[in-house]
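This is run.cif. It holds mmCIF, C-alpha atoms.
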```
data_coords
loop_
_atom_site.label_atom_id
_atom_site.label_comp_id
_atom_site.auth_asym_id
_atom_site.auth_seq_id
_atom_site.Cartn_x
_atom_site.Cartn_y
_atom_site.Cartn_z
CA MET A 1136 44.04 65.59 180.75
CA PHE A 1137 45.30 63.91 177.62
CA HIS A 1138 45.35 65.37 174.18
CA ILE A 1139 44.38 62.43 171.97
CA TYR A 1140 44.93 62.45 168.23
CA CYS A 1141 41.78 61.38 166.38
CA PRO A 1142 42.82 59.83 163.05
CA HIS A 1143 39.43 60.73 161.51
CA CYS A 1144 39.29 64.39 162.60
CA ALA A 1145 43.06 64.60 161.98
CA GLU A 1146 43.76 66.68 165.05
CA HIS A 1147 44.32 66.44 168.79
CA ARG A 1148 41.26 66.67 171.05
CA GLU A 1149 40.64 66.72 174.77
CA GLU A 1150 40.34 63.41 176.54
CA GLU A 1151 36.78 64.17 177.70
CA GLU A 1152 35.58 63.76 174.10
CA PHE A 1153 36.68 60.09 174.05
CA HIS A 1154 35.66 56.80 175.62
CA PRO A 1155 37.80 53.67 175.91
CA LYS A 1156 36.13 50.53 174.61
CA GLY A 1157 38.52 47.79 175.70
CA GLN A 1158 41.04 45.64 173.93
CA ALA A 1159 41.49 46.08 170.19
CA HIS A 1160 42.08 43.49 167.46
CA ILE A 1161 39.63 40.91 168.78
CA ALA A 1162 38.63 38.91 165.73
CA ARG A 1163 35.29 37.13 165.79
CA PRO A 1164 35.77 33.41 165.12
CA MET A 1165 35.13 32.69 161.45
CA ASP A 1166 32.73 29.84 162.23
CA PRO A 1167 31.09 30.30 165.66
CA GLU A 1168 29.17 27.04 165.29
CA ALA A 1169 32.43 25.11 165.10
CA CYS A 1170 33.93 26.76 168.21
CA SER A 1171 34.47 24.86 171.40
CA ASP A 1172 32.95 26.43 174.51
CA GLU A 1173 36.41 27.40 175.60
CA GLU A 1174 37.23 29.20 172.35
CA TRP A 1175 33.91 31.02 172.38
CA GLY A 1176 34.34 31.94 176.05
CA ASP A 1177 37.82 33.29 175.33
CA TYR A 1178 36.43 35.38 172.49
CA LEU A 1179 33.54 36.76 174.52
CA PHE A 1180 34.95 37.28 177.99
CA PHE A 1181 38.72 36.94 178.33
CA ARG A 1182 40.90 39.98 177.72
CA ASP A 1183 44.61 40.69 178.02
CA ASN A 1184 45.75 42.82 180.91
CA PRO A 1185 49.37 43.54 180.06
CA ARG A 1186 51.82 45.64 182.00
CA GLY A 1187 53.28 47.75 179.23
CA ILE A 1188 52.12 48.07 175.66
CA HIS A 1189 48.40 47.58 175.07
CA HIS A 1190 46.34 48.06 171.91
CA GLU A 1191 42.93 49.48 172.73
CA LEU A 1192 39.74 50.41 170.94
CA TRP A 1193 38.53 53.95 171.63
CA VAL A 1194 35.63 55.99 170.33
CA HIS A 1195 35.55 59.73 169.65
CA ALA A 1196 32.18 59.88 171.38
CA VAL A 1197 31.67 63.66 171.32
CA GLY A 1198 33.09 64.39 167.91
CA CYS A 1199 33.08 62.31 164.79
CA ARG A 1200 31.71 59.29 166.75
CA LYS A 1201 34.09 56.93 164.97
CA PHE A 1202 36.05 54.08 166.51
CA PHE A 1203 39.83 53.89 166.24
CA ASN A 1204 42.73 52.15 167.96
CA ILE A 1205 45.26 53.46 170.43
CA THR A 1206 48.59 51.90 171.40
CA ARG A 1207 49.03 52.83 175.03
CA ASN A 1208 51.55 52.09 177.74
CA THR A 1209 49.53 50.90 180.73
CA VAL A 1210 52.33 51.79 183.15
CA SER A 1211 53.06 55.36 182.12
CA TYR A 1212 49.70 56.05 180.43
CA GLU A 1213 51.68 57.31 177.45
CA ILE A 1214 49.80 57.09 174.16
CA LEU A 1215 52.31 55.93 171.57
CA GLU A 1216 50.13 56.10 168.46
CA THR A 1217 46.56 56.09 167.21
CA TYR A 1218 45.40 54.41 164.03
CA LYS A 1219 42.18 53.60 162.23
CA VAL A 1220 40.29 50.35 162.66
CA GLY A 1221 41.51 47.88 160.06
CA GLU A 1222 45.08 49.15 160.14
CA GLN A 1223 47.93 47.46 161.96
CA PRO A 1224 49.95 49.19 164.71
CA THR A 1225 53.47 50.27 163.83
CA ILE A 1226 54.47 50.15 167.49
CA THR A 1227 54.08 46.84 169.30
CA ALA A 1228 55.68 45.29 172.37
CA GLU A 1229 57.79 43.17 170.02
CA SER A 1230 59.01 46.10 167.95
CA LEU A 1231 59.90 47.99 171.13
CA SER A 1232 61.81 45.05 172.61
CA GLN A 1233 63.72 44.66 169.35
CA ASP A 1234 64.65 48.34 169.41
CA LYS A 1235 65.86 47.86 172.93
CA LYS A 1236 68.07 44.89 171.98
CA MET A 1237 69.69 47.01 169.30
CA THR A 1238 70.42 49.89 171.63
CA ALA A 1239 71.40 47.54 174.47
CA ASP A 1240 74.53 46.25 172.73
CA GLY A 1241 77.13 46.69 175.43
CA VAL A 1242 74.88 49.00 177.39
CA THR A 1243 72.37 47.88 179.96
CA VAL A 1244 69.08 49.65 179.51
CA ALA A 1245 66.65 49.53 182.38
CA ASP A 1246 63.24 48.56 181.14
CA GLY A 1247 61.27 49.94 184.07
CA GLY A 1248 59.76 46.53 184.68
CA LEU A 1249 57.78 46.57 181.43
CA GLN A 1250 56.78 43.32 179.87
CA THR A 1251 58.54 43.95 176.62
CA GLU A 1252 61.00 41.05 176.73
CA GLY A 1253 59.39 37.88 175.54
CA GLU A 1254 56.07 39.63 175.24
CA SER A 1255 54.05 38.55 172.28
CA ASP A 1256 51.38 40.46 170.46
CA SER A 1257 49.19 37.44 170.21
CA ALA A 1258 46.02 39.44 169.76
CA VAL A 1259 47.43 41.49 166.90
CA ASN A 1260 48.94 38.42 165.29
CA THR A 1261 45.68 36.51 165.54
CA SER A 1262 43.80 39.27 163.81
CA LYS A 1263 46.45 39.38 161.10
CA GLU A 1264 45.94 35.67 160.48
CA ALA A 1265 42.20 36.07 160.49
CA LYS A 1266 42.47 38.66 157.74
CA VAL A 1267 44.49 36.52 155.36
CA MET O 270 14.73 56.93 143.49
CA SER O 271 14.70 55.15 146.82
CA ASN O 272 11.35 54.11 148.18
CA ALA O 273 11.88 55.87 151.53
CA GLN O 274 8.74 57.57 152.76
CA GLN O 275 8.91 61.33 153.15
CA PHE O 276 6.55 63.77 154.70
CA ASP O 277 6.70 67.51 155.01
CA THR O 278 7.10 68.40 158.67
CA ARG O 279 5.83 71.91 158.00
CA PRO O 280 3.02 71.62 155.47
CA VAL O 281 1.30 74.69 154.14
CA VAL O 282 -2.41 74.59 154.96
CA ASP O 283 -4.92 76.09 152.53
CA ASN O 284 -1.98 77.26 150.43
CA GLU O 285 -1.62 80.15 152.86
CA SER O 286 -1.02 79.69 156.54
CA GLU O 287 1.61 77.39 157.94
CA ILE O 288 0.90 75.40 161.06
CA ALA O 289 2.23 77.42 163.99
CA VAL O 290 5.67 76.35 165.16
CA GLU O 291 7.54 77.31 168.30
CA SER O 292 11.25 77.70 168.77
CA PRO O 293 12.91 75.36 171.30
CA LEU O 294 13.74 78.54 173.21
CA ALA O 295 10.20 79.91 173.36
CA PHE O 296 9.68 78.88 176.96
CA SER O 297 13.24 79.77 177.98
CA ARG O 298 12.82 83.32 176.74
CA HIS O 299 9.59 83.55 178.67
CA ARG O 300 11.05 82.21 181.90
CA SER O 301 14.66 83.40 181.82
CA GLY O 302 14.11 86.60 179.91
CA ALA O 303 15.95 88.07 176.95
CA PRO O 304 18.03 91.07 178.04
CA LYS O 305 18.19 93.83 175.44
CA ALA O 306 21.56 94.99 174.11
CA LYS O 307 22.89 98.08 175.92
CA ALA O 308 25.63 100.60 175.17
CA ASP O 309 28.31 98.49 176.90
CA THR O 310 27.18 95.18 175.39
CA ARG O 311 30.19 93.23 174.14
CA VAL O 312 28.48 90.04 173.06
CA THR O 313 25.09 89.34 171.54
CA VAL O 314 23.26 86.09 171.05
CA ARG O 315 20.63 85.52 168.41
CA GLU O 316 18.62 82.41 167.73
CA ARG O 317 18.29 81.40 164.11
CA ALA O 318 15.23 79.24 164.54
CA PHE O 319 13.28 77.12 162.06
CA LEU O 320 16.12 76.47 159.64
CA GLY O 321 16.11 73.28 157.61
CA HIS O 322 18.66 70.78 158.95
CA LEU O 323 19.45 67.66 156.96
CA VAL O 324 21.94 65.01 158.02
CA LEU O 325 23.48 63.38 154.96
CA ARG O 326 25.33 60.10 155.20
CA GLY O 327 26.94 58.07 152.50
CA GLY O 328 29.86 58.09 150.14
CA ALA O 329 31.52 61.47 149.61
CA ILE O 330 31.72 61.22 145.83
CA VAL O 331 28.07 60.48 145.07
CA LEU O 332 26.84 62.94 147.70
CA ASP O 333 29.11 65.66 146.38
CA GLU O 334 27.81 65.19 142.87
CA ALA O 335 24.16 65.26 143.95
CA LEU O 336 24.65 68.30 146.18
CA ARG O 337 26.34 70.30 143.43
CA GLU O 338 23.38 69.56 141.22
CA VAL O 339 20.63 70.27 143.77
CA VAL O 340 22.05 72.87 146.18
CA GLY O 341 24.89 74.26 144.09
CA LEU O 342 27.40 73.55 146.85
CA GLY O 343 29.97 70.77 147.07
CA LEU O 344 31.07 68.91 150.17
CA PRO O 345 33.91 70.42 152.18
CA GLY O 346 37.15 68.89 150.97
CA GLU O 347 38.75 68.47 154.37
CA PRO O 348 37.70 67.07 157.74
CA LEU O 349 36.23 69.80 160.00
CA GLY O 350 35.41 71.88 156.93
CA LEU O 351 32.44 74.19 156.50
CA VAL O 352 31.35 75.55 153.12
CA GLN O 353 28.55 78.02 152.45
CA ASP O 354 27.01 79.78 149.51
CA GLU O 355 27.66 83.45 148.84
CA GLY O 356 24.88 84.81 151.00
CA GLY O 357 25.69 82.38 153.78
CA LYS O 358 22.14 81.04 153.65
CA ARG O 359 23.06 77.46 152.86
CA SER O 360 25.95 75.60 154.40
CA ILE O 361 27.41 72.12 154.46
CA GLN O 362 29.58 70.99 157.33
CA TRP O 363 31.78 67.94 157.78
CA ILE O 364 30.59 65.99 160.84
CA SER O 365 32.39 62.66 160.41
CA PRO O 366 34.06 60.84 157.50
CA ASP O 367 30.69 59.70 156.13
CA GLU O 368 28.36 62.33 157.57
CA TRP O 369 27.62 65.95 156.72
CA LEU O 370 25.17 68.54 158.05
CA LEU O 371 23.31 70.59 155.47
CA ILE O 372 21.57 73.71 156.77
CA VAL O 373 19.23 75.62 154.46
CA PRO O 374 16.59 78.34 154.96
CA GLY O 375 13.47 76.99 156.64
CA GLY O 376 10.95 75.55 154.20
CA GLU O 377 13.50 74.51 151.57
CA GLU O 378 14.55 71.28 153.25
CA PHE O 379 11.63 69.14 152.17
CA ASP O 380 12.06 69.95 148.51
CA ILE O 381 15.86 69.60 148.70
CA GLU O 382 15.54 66.21 150.38
CA ARG O 383 13.22 65.01 147.61
CA ARG O 384 15.50 66.27 144.85
CA LEU O 385 18.57 64.79 146.56
CA ARG O 386 16.84 61.42 146.76
CA GLU O 387 16.06 61.63 143.07
CA ALA O 388 19.62 62.61 142.18
CA LEU O 389 21.15 59.89 144.37
CA GLY O 390 18.97 57.16 142.92
CA ASP O 391 20.07 53.73 144.06
CA ALA O 392 23.29 54.86 145.74
CA HIS O 393 23.91 53.81 149.33
CA PHE O 394 22.98 56.84 151.43
CA SER O 395 20.69 58.20 154.11
CA ILE O 396 19.10 61.61 154.55
CA SER O 397 17.42 62.57 157.81
CA ASN O 398 15.50 65.74 158.44
CA VAL O 399 16.62 66.78 161.92
CA GLY O 400 15.32 70.35 161.77
CA GLY O 401 12.84 69.70 164.57
CA GLY O 402 15.55 68.34 166.83
CA GLN O 403 18.07 71.12 166.80
CA THR O 404 18.39 74.86 166.50
CA VAL O 405 21.14 77.38 165.82
CA LEU O 406 22.43 80.02 168.22
CA GLU O 407 24.64 82.76 166.88
CA LEU O 408 27.21 84.55 169.03
CA SER O 409 28.73 87.80 167.84
CA GLY O 410 30.53 90.77 169.30
CA GLU O 411 34.06 91.32 170.54
CA ALA O 412 33.61 89.13 173.64
CA ALA O 413 32.01 86.20 171.79
CA ARG O 414 35.28 84.31 171.84
CA GLU O 415 35.67 84.92 175.56
CA VAL O 416 32.25 83.43 176.24
CA LEU O 417 33.31 80.40 174.21
CA MET O 418 36.61 80.15 176.09
CA LYS O 419 34.64 79.85 179.32
CA SER O 420 32.46 77.11 177.91
CA VAL O 421 34.40 74.79 175.59
CA SER O 422 37.62 72.87 176.07
CA TYR O 423 38.35 73.28 172.36
CA ASP O 424 40.93 75.88 171.34
CA VAL O 425 39.01 78.74 169.71
CA HIS O 426 42.00 80.99 169.05
CA PRO O 427 41.82 82.31 165.45
CA SER O 428 45.11 80.60 164.61
CA HIS O 429 43.52 77.26 165.47
CA PHE O 430 39.91 78.02 164.55
CA PRO O 431 39.85 79.93 161.25
CA VAL O 432 36.72 80.97 159.40
CA GLY O 433 35.30 77.96 157.56
CA LYS O 434 35.94 75.43 160.29
CA GLY O 435 33.40 73.53 162.37
CA VAL O 436 33.80 70.95 165.12
CA THR O 437 31.57 68.83 167.31
CA THR O 438 32.75 69.27 170.86
CA VAL O 439 31.82 69.56 174.53
CA PHE O 440 30.15 72.81 175.52
CA ALA O 441 29.28 73.21 179.19
CA LYS O 442 28.90 69.45 179.73
CA SER O 443 26.64 69.22 176.71
CA THR O 444 27.42 68.55 173.07
CA VAL O 445 27.34 71.23 170.40
CA VAL O 446 28.43 71.67 166.84
CA LEU O 447 30.56 74.80 166.96
CA ARG O 448 31.31 76.57 163.68
CA ARG O 449 32.69 79.82 162.43
CA PRO O 450 30.98 81.06 159.26
CA SER O 451 32.63 84.50 159.33
CA GLU O 452 35.17 86.58 161.24
CA GLU O 453 32.63 88.07 163.62
CA ARG O 454 30.11 85.29 164.02
CA TRP O 455 30.19 81.93 165.76
CA GLU O 456 27.35 79.47 165.39
CA LEU O 457 26.29 76.79 167.84
CA VAL O 458 24.10 74.02 166.48
CA ILE O 459 22.44 72.72 169.63
CA ARG O 460 19.98 69.97 170.42
CA ARG O 461 16.43 70.92 171.27
CA SER O 462 16.61 69.05 174.57
CA PHE O 463 19.67 71.02 175.66
CA ALA O 464 18.48 74.35 174.31
CA ASP O 465 17.09 75.73 177.57
CA TYR O 466 20.17 74.70 179.55
CA LEU O 467 22.57 76.16 177.01
CA TYR O 468 20.58 79.37 176.61
CA ARG O 469 20.71 79.96 180.35
CA TRP O 470 24.38 78.99 180.46
CA ILE O 471 25.19 81.54 177.75
CA LEU O 472 23.18 84.28 179.49
CA ASP O 473 25.11 83.54 182.68
CA ALA O 474 28.50 83.29 180.98
CA GLY O 475 27.82 86.50 179.04
CA ALA O 476 26.53 88.50 182.03
CA GLU O 477 29.95 90.04 182.70
CA TYR O 478 30.02 91.31 179.11
CA THR O 479 26.44 92.66 179.39
CA ILE O 480 25.11 90.09 176.96
CA GLY O 481 22.22 91.14 174.75
CA VAL O 482 19.65 88.91 173.08
CA GLU O 483 18.54 89.87 169.60
CA GLY O 484 15.75 88.65 167.44
#
```
Any chance you could put this one into structure tokens?
Amino acid sequence: MFHIYCPHCAEHREEEEFHPKGQAHIARPMDPEACSDEEWGDYLFFRDNPRGIHHELWVHAVGCRKFFNITRNTVSYEILETYKVGEQPTITAESLSQDKKMTADGVTVADGGLQTEGESDSAVNTSKEAKV
Amino acid sequence: MSNAQQFDTRPVVDNESEIAVESPLAFSRHRSGAPKAKADTRVTVRERAFLGHLVLRGGAIVLDEALREVVGLGLPGEPLGLVQDEGGKRSIQWISPDEWLLIVPGGEEFDIERRLREALGDAHFSISNVGGGQTVLELSGEAAREVLMKSVSYDVHPSHFPVGKGVTTVFAKSTVVLRRPSEERWELVIRRSFADYLYRWILDAGAEYTIGVEG
């Protein structure tokens, strides 16, 4: 069982109160009419399946019934942070790989096979652009 | 005033008799029984039926203002908060960031809803009378917390669940609003459709403490 921190209730709750709702930060195209079939298909059906850091949408289904985002490691199941919808994650695959480069000066740090090197947070970046 | 239609779910007929209403537990009591409290009873359950339940949604600031004017109670300042008036008859509980549950003595809810709508005017809000859809069970006695510990995954230790707190959580595979209005009492706001199941669950869970049913 996980204890998941709900940013709306401001406390940790049991996992059974929550439901995962898939990838977070999927921005609806600004002008659907102008989308190519491929762009629209990507928006509707295609999701990332990373090994490592993943940003996900969850809902506190038995509780405040609000949606929020979780940054989760898909290998270790570790939940790194939770944040409200509309906010940006402070922990991303890029920020973690940068931390690792700093600590790795002269020391080899095993990365456990995680896709942190060269990984891009394209989904998060896209939603950032969409906001501007 | 918004142009939402309202109707009194419990109208007074001939200015005297109300239309007969039945608690969601009426049949459960008949079928599963209601054991009386005995000398070694350590937990008692009491249904507080026919209260007025209103779900309020909208912005905290406008709702708070209107509630202070109409009910004389403000919204709880914190998430998971529960405030009540001095007699404990009226209470407002935080349910989610834009949703609160107002419970008042039965019969007051229609008038309060009308006055709230007047006070809120054109603000963006919604008020739903859910009194027919849910009821309140009250657990008291020294073993009340032990019955809860068998039934909810939520931590009900007094250090984590002080008086004046209320949460929506999982209770025996169903959903309840669990709240603690005073040191000795715990309240479960349960859905009508789950009432029979939860009543029988509580009787079963409380059997080892010789549970008694009051009221």
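We find atom CA of Gly410 of chain O and atom CA of Glu355 of chain O to be spaced 21.9 Å apart.
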Do you know which residues the PyMOL selection byres ((chain O and resi 364) around 8) returns on this file, as a VMD selection string? (chain A and resid 1198 to 1199) or (chain O and resid 348 to 349 362 to 363 365 to 370 436 to 437)
Applying 9 Å and all atoms listed in the file, which residues near segment 1152-1161 of chain A remain after dropping the ones on its own chain fewer than 5 positions away? List them as a PDB file with C-alpha atoms, keeping the file's coordinate frame.
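The resulting file, around.pdb, is reproduced below:
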```pdb
ATOM      1  CA  ILE A1139      44.380  62.430 171.970  1.00  0.00           C
ATOM      2  CA  TYR A1178      36.430  35.380 172.490  1.00  0.00           C
ATOM      3  CA  ARG A1182      40.900  39.980 177.720  1.00  0.00           C
ATOM      4  CA  ASP A1183      44.610  40.690 178.020  1.00  0.00           C
ATOM      5  CA  ASN A1184      45.750  42.820 180.910  1.00  0.00           C
ATOM      6  CA  HIS A1189      48.400  47.580 175.070  1.00  0.00           C
ATOM      7  CA  HIS A1190      46.340  48.060 171.910  1.00  0.00           C
ATOM      8  CA  GLU A1191      42.930  49.480 172.730  1.00  0.00           C
ATOM      9  CA  LEU A1192      39.740  50.410 170.940  1.00  0.00           C
ATOM     10  CA  TRP A1193      38.530  53.950 171.630  1.00  0.00           C
ATOM     11  CA  VAL A1194      35.630  55.990 170.330  1.00  0.00           C
ATOM     12  CA  HIS A1195      35.550  59.730 169.650  1.00  0.00           C
ATOM     13  CA  ALA A1196      32.180  59.880 171.380  1.00  0.00           C
ATOM     14  CA  VAL A1197      31.670  63.660 171.320  1.00  0.00           C
ATOM     15  CA  GLY A1198      33.090  64.390 167.910  1.00  0.00           C
ATOM     16  CA  ARG A1200      31.710  59.290 166.750  1.00  0.00           C
ATOM     17  CA  PHE A1202      36.050  54.080 166.510  1.00  0.00           C
ATOM     18  CA  PHE A1203      39.830  53.890 166.240  1.00  0.00           C
ATOM     19  CA  ASN A1204      42.730  52.150 167.960  1.00  0.00           C
ATOM     20  CA  ILE A1205      45.260  53.460 170.430  1.00  0.00           C
ATOM     21  CA  VAL A1220      40.290  50.350 162.660  1.00  0.00           C
ATOM     22  CA  GLY A1221      41.510  47.880 160.060  1.00  0.00           C
ATOM     23  CA  GLN A1223      47.930  47.460 161.960  1.00  0.00           C
ATOM     24  CA  ALA A1258      46.020  39.440 169.760  1.00  0.00           C
ATOM     25  CA  VAL A1259      47.430  41.490 166.900  1.00  0.00           C
ATOM     26  CA  ASN A1260      48.940  38.420 165.290  1.00  0.00           C
ATOM     27  CA  THR A1261      45.680  36.510 165.540  1.00  0.00           C
ATOM     28  CA  SER A1262      43.800  39.270 163.810  1.00  0.00           C
ATOM     29  CA  LYS A1263      46.450  39.380 161.100  1.00  0.00           C
TER      30      LYS A1263
ATOM     31  CA  THR O 438      32.750  69.270 170.860  1.00  0.00           C
ATOM     32  CA  VAL O 439      31.820  69.560 174.530  1.00  0.00           C
TER      33      VAL O 439
END
```
Can you pull out every residue within 9 Å of segment 337-342 of chain O, counting all atoms listed in the file, but drop anything in the same chain fewer than 2 positions away, and send it as a VMD selection string? chain O and resid 332 to 335 344 to 345 352 to 354 359 to 361 381 384 to 385 388
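When all atoms listed in the file are used to compute distances to chain O, the closest of the residues A:Pro1142, A:Cys1170, A:Glu1222, A:Glu1149 turns out to be A:Glu1149.
In this structure, atom CA of Leu320 of chain O sits 16.4 Å away from atom CA of Val445 of chain O.
In this structure, atom CA of Gly481 of chain O sits 5.3 Å away from atom CA of Pro304 of chain O.
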Excluding Val458 of chain O and residues on its chain fewer than 5 positions from it, collect all residues at most 10 Å away from it, counting all atoms listed in the file, and give them as a PyMOL selection string. chain O and resi 317+322+403-407+437+444-448+464
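Minimum atom-to-atom distances from O:Glu382, O:Asp465, O:Glu452, O:Glu347 to chain A were compared using all atoms listed in the file, and the lowest value belongs to O:Glu347.
For the file shown, the residue list from the PyMOL selection byres ((chain A and resi 1137) around 10) reads Met1136, His1138, Ile1139, Tyr1140, His1147, Arg1148, Glu1149, Glu1150, Glu1151, Tyr1212, Glu1213 and Ile1214 of chain A.
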Taking the file as shown, find all residues satisfying the PyMOL selection byres ((chain O and resi 297-303) around 12) and write them as number ranges by chain. O: 291-296, 304-306, 313-316, 461-473, 476, 479-484
Taking C-alpha atoms for each residue, export the selection above as a compact mmCIF listing (two decimals), keeping the file's coordinate frame.
```
# COMPACT_ATOMS: atom_id res chain seq x y z
CA GLU O 291 7.54 77.31 168.30
CA SER O 292 11.25 77.70 168.77
CA PRO O 293 12.91 75.36 171.30
CA LEU O 294 13.74 78.54 173.21
CA ALA O 295 10.20 79.91 173.36
CA PHE O 296 9.68 78.88 176.96
CA PRO O 304 18.03 91.07 178.04
CA LYS O 305 18.19 93.83 175.44
CA ALA O 306 21.56 94.99 174.11
CA THR O 313 25.09 89.34 171.54
CA VAL O 314 23.26 86.09 171.05
CA ARG O 315 20.63 85.52 168.41
CA GLU O 316 18.62 82.41 167.73
CA ARG O 461 16.43 70.92 171.27
CA SER O 462 16.61 69.05 174.57
CA PHE O 463 19.67 71.02 175.66
CA ALA O 464 18.48 74.35 174.31
CA ASP O 465 17.09 75.73 177.57
CA TYR O 466 20.17 74.70 179.55
CA LEU O 467 22.57 76.16 177.01
CA TYR O 468 20.58 79.37 176.61
CA ARG O 469 20.71 79.96 180.35
CA TRP O 470 24.38 78.99 180.46
CA ILE O 471 25.19 81.54 177.75
CA LEU O 472 23.18 84.28 179.49
CA ASP O 473 25.11 83.54 182.68
CA ALA O 476 26.53 88.50 182.03
CA THR O 479 26.44 92.66 179.39
CA ILE O 480 25.11 90.09 176.96
CA GLY O 481 22.22 91.14 174.75
CA VAL O 482 19.65 88.91 173.08
CA GLU O 483 18.54 89.87 169.60
CA GLY O 484 15.75 88.65 167.44
```
